[in-house]
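Colleague: To start, I am sharing the structure in question, which I have written as structure tokens.
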Amino acid sequence: MEGILIGACIGVLLGTISGCTPGIHANTMAGILLGVHPALLILFGPSVFAAAVTATLVTHTFLDAVPSTFLGVPDPDTAIAVLPAHDLCLKGLGEEAVRIAALGSAAGAAFGLVLFPLFFFLLPPFQPYLDWWIGILLLAVAGLLVIRSEAPEWAAAILAVSGVLGSFTMAYSHLSWQVLPGGSPLLLPLLTGLFGLPILLKGAEGTIPEQRFTEIRMNRREIAGSACAGTIAGAIVGWMPGFSNATANAVLASFISYTRQGRGYILATSAANTANAFLGIAALFALSRARNGAMAAVATEALPPVLTLVSAGAIAAVIAYPLTILASKGSRYLVRVNVRRLNLSVIIFLVLLTAVVTGPFGLLVLLLATAIGSVPPLVSVQRVFCMGAIMVPIMIWSILGMPLF
């Protein structure tokens, strides 16, 4: 138990750093841990390393709401959720947005633990059938989103073009620099360009409005419904090969409008993100498949008892929730910060981060993604269709059997 606690504390610290730093993913921290894991093995043993990676992943799913809300920078796992969250920030309700996200993550952790035994014991025999139906499910979701769009032709075009970019990015991912192990580094420029830079470039004049918080403006039925929808979506993507939390964002957008039900969408995507982390552990042990970079890092050593990872994740969730609430209060220090200068600073940081982590090819992807991500508001189409960059490659892999990379 001592090893689990030590690993959980290390993971919470690293997850807090990665979650609060714009553009940094939990897989990056998992890669750093992978680089220093020989020292961890000598000092503490393999269980501490596995617990630390798991706690990093879970903690990150809570804290990543902070830069998404206050800076408008998307995390690869919750790209679309940045839109309603940042919008609430510009209305002076950023703290409420972060608290909603924290509540969603807490619900996702709780429901994920409840679903864990079901997925672990019952689903493995059906896995061969589930693999093929992934593409069909995504195709149905994409079709539903296009049909319900106000401009179906433009929606289909943006979905297709972003899908071409996503397929191109994944097919030639070997051209990017591999500075840090763990994860898919090209998701940084791809999703930052589609969902982050267009918002930052458009920018707003003046200063960030005074942030105030009185209550979470959602009733219990809305909270329960959004939490359940998010957990189910997160459970699916946590179990299915090729899926990511970004895919769950797109699936949820077909049921919960992020423009009309922004608060519910924030809560649902946060629940999906955290539930995904826990069900990814189940997939690793039941199927020997790593669903994310963090689990791939854990799988480099002999797997500890499954209870070790589950306990570390649960401890991290208990600690990360109040940490996220505390971080949301920091929004009050952003008052009177010049929005345009802040946006420019974040843009420069993201471009430099892309250059360092992915090299010239990543910068090309960032440029192309930003161009595509700037189109939806010009043609009155929601940015959710830019998720074709993730959905189309997975459909090609699932239905046609072509590799993602």
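In the structure tokens, each chain is lettered A, B, ... as it comes, each chain's residues begin at 1, and ligands are numbered from 1 in order of appearance.
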What's around Val98 of chain A at 7 Å? Count only C-alpha atoms, leave out sequence neighbours fewer than 6 positions away in its own chain, and write the answer as a list in words.

Modeller: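 Here the qualifying residues turn out to be Ala65, Val66, Thr69 and Ser328 of chain A.
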
Colleague: Using only C-alpha atoms, determine which residues lie at most 6 Å from segment 376-393 of chain A, disregarding the query and same-chain residues fewer than 4 positions distant; provide the list as a short mmCIF file (atom, residue, chain, number, x, y, z; two decimals) with N, CA, C and O atoms, in the first residue's frame.

Modeller:
data_model
loop_
_atom_site.label_atom_id
_atom_site.label_comp_id
_atom_site.auth_asym_id
_atom_site.auth_seq_id
_atom_site.Cartn_x
_atom_site.Cartn_y
_atom_site.Cartn_z
N LEU A 159 -16.03 18.01 -42.75
CA LEU A 159 -15.76 16.68 -42.20
C LEU A 159 -14.79 15.92 -43.09
O LEU A 159 -13.82 15.30 -42.62
N SER A 162 -11.16 17.75 -43.24
CA SER A 162 -10.43 17.51 -41.99
C SER A 162 -10.05 16.04 -41.88
O SER A 162 -8.98 15.69 -41.34
N GLY A 163 -10.90 15.15 -42.42
CA GLY A 163 -10.58 13.73 -42.43
C GLY A 163 -9.36 13.43 -43.30
O GLY A 163 -8.52 12.60 -42.94
N GLY A 166 -6.39 14.58 -41.30
CA GLY A 166 -6.09 13.63 -40.24
C GLY A 166 -5.43 12.37 -40.77
O GLY A 166 -4.46 11.86 -40.18
N SER A 167 -5.94 11.86 -41.89
CA SER A 167 -5.36 10.65 -42.49
C SER A 167 -3.94 10.91 -42.98
O SER A 167 -3.04 10.08 -42.79
#

Colleague: Just checking: using only C-alpha atoms, which residue out of A:Leu363, A:Leu352, A:Leu287, A:Ala102 ends up closest to Phe126 of chain A?

Modeller: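 Checking each of A:Leu363, A:Leu352, A:Leu287, A:Ala102 against Phe126 of chain A, counting only C-alpha atoms, the winner is A:Leu287.
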
Colleague: Write out as a JSON list (two decimals) with C-alpha atoms, in the first residue's frame which residues come within 7 Å of Pro198 of chain A when counting only C-alpha atoms, dropping same-chain ones fewer than 4 positions away.

Modeller:
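Output below, filename result_31.json:
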[["chain", "number", "residue", "atom", "x", "y", "z"],
["A", 193, "GLY", "CA", -4.91, 24.08, -35.21],
["A", 202, "LYS", "CA", -9.88, 35.78, -33.76],
["A", 370, "THR", "CA", -5.59, 26.25, -38.53],
["A", 373, "GLY", "CA", -10.45, 25.28, -38.35],
["A", 374, "SER", "CA", -11.06, 28.88, -39.42]]
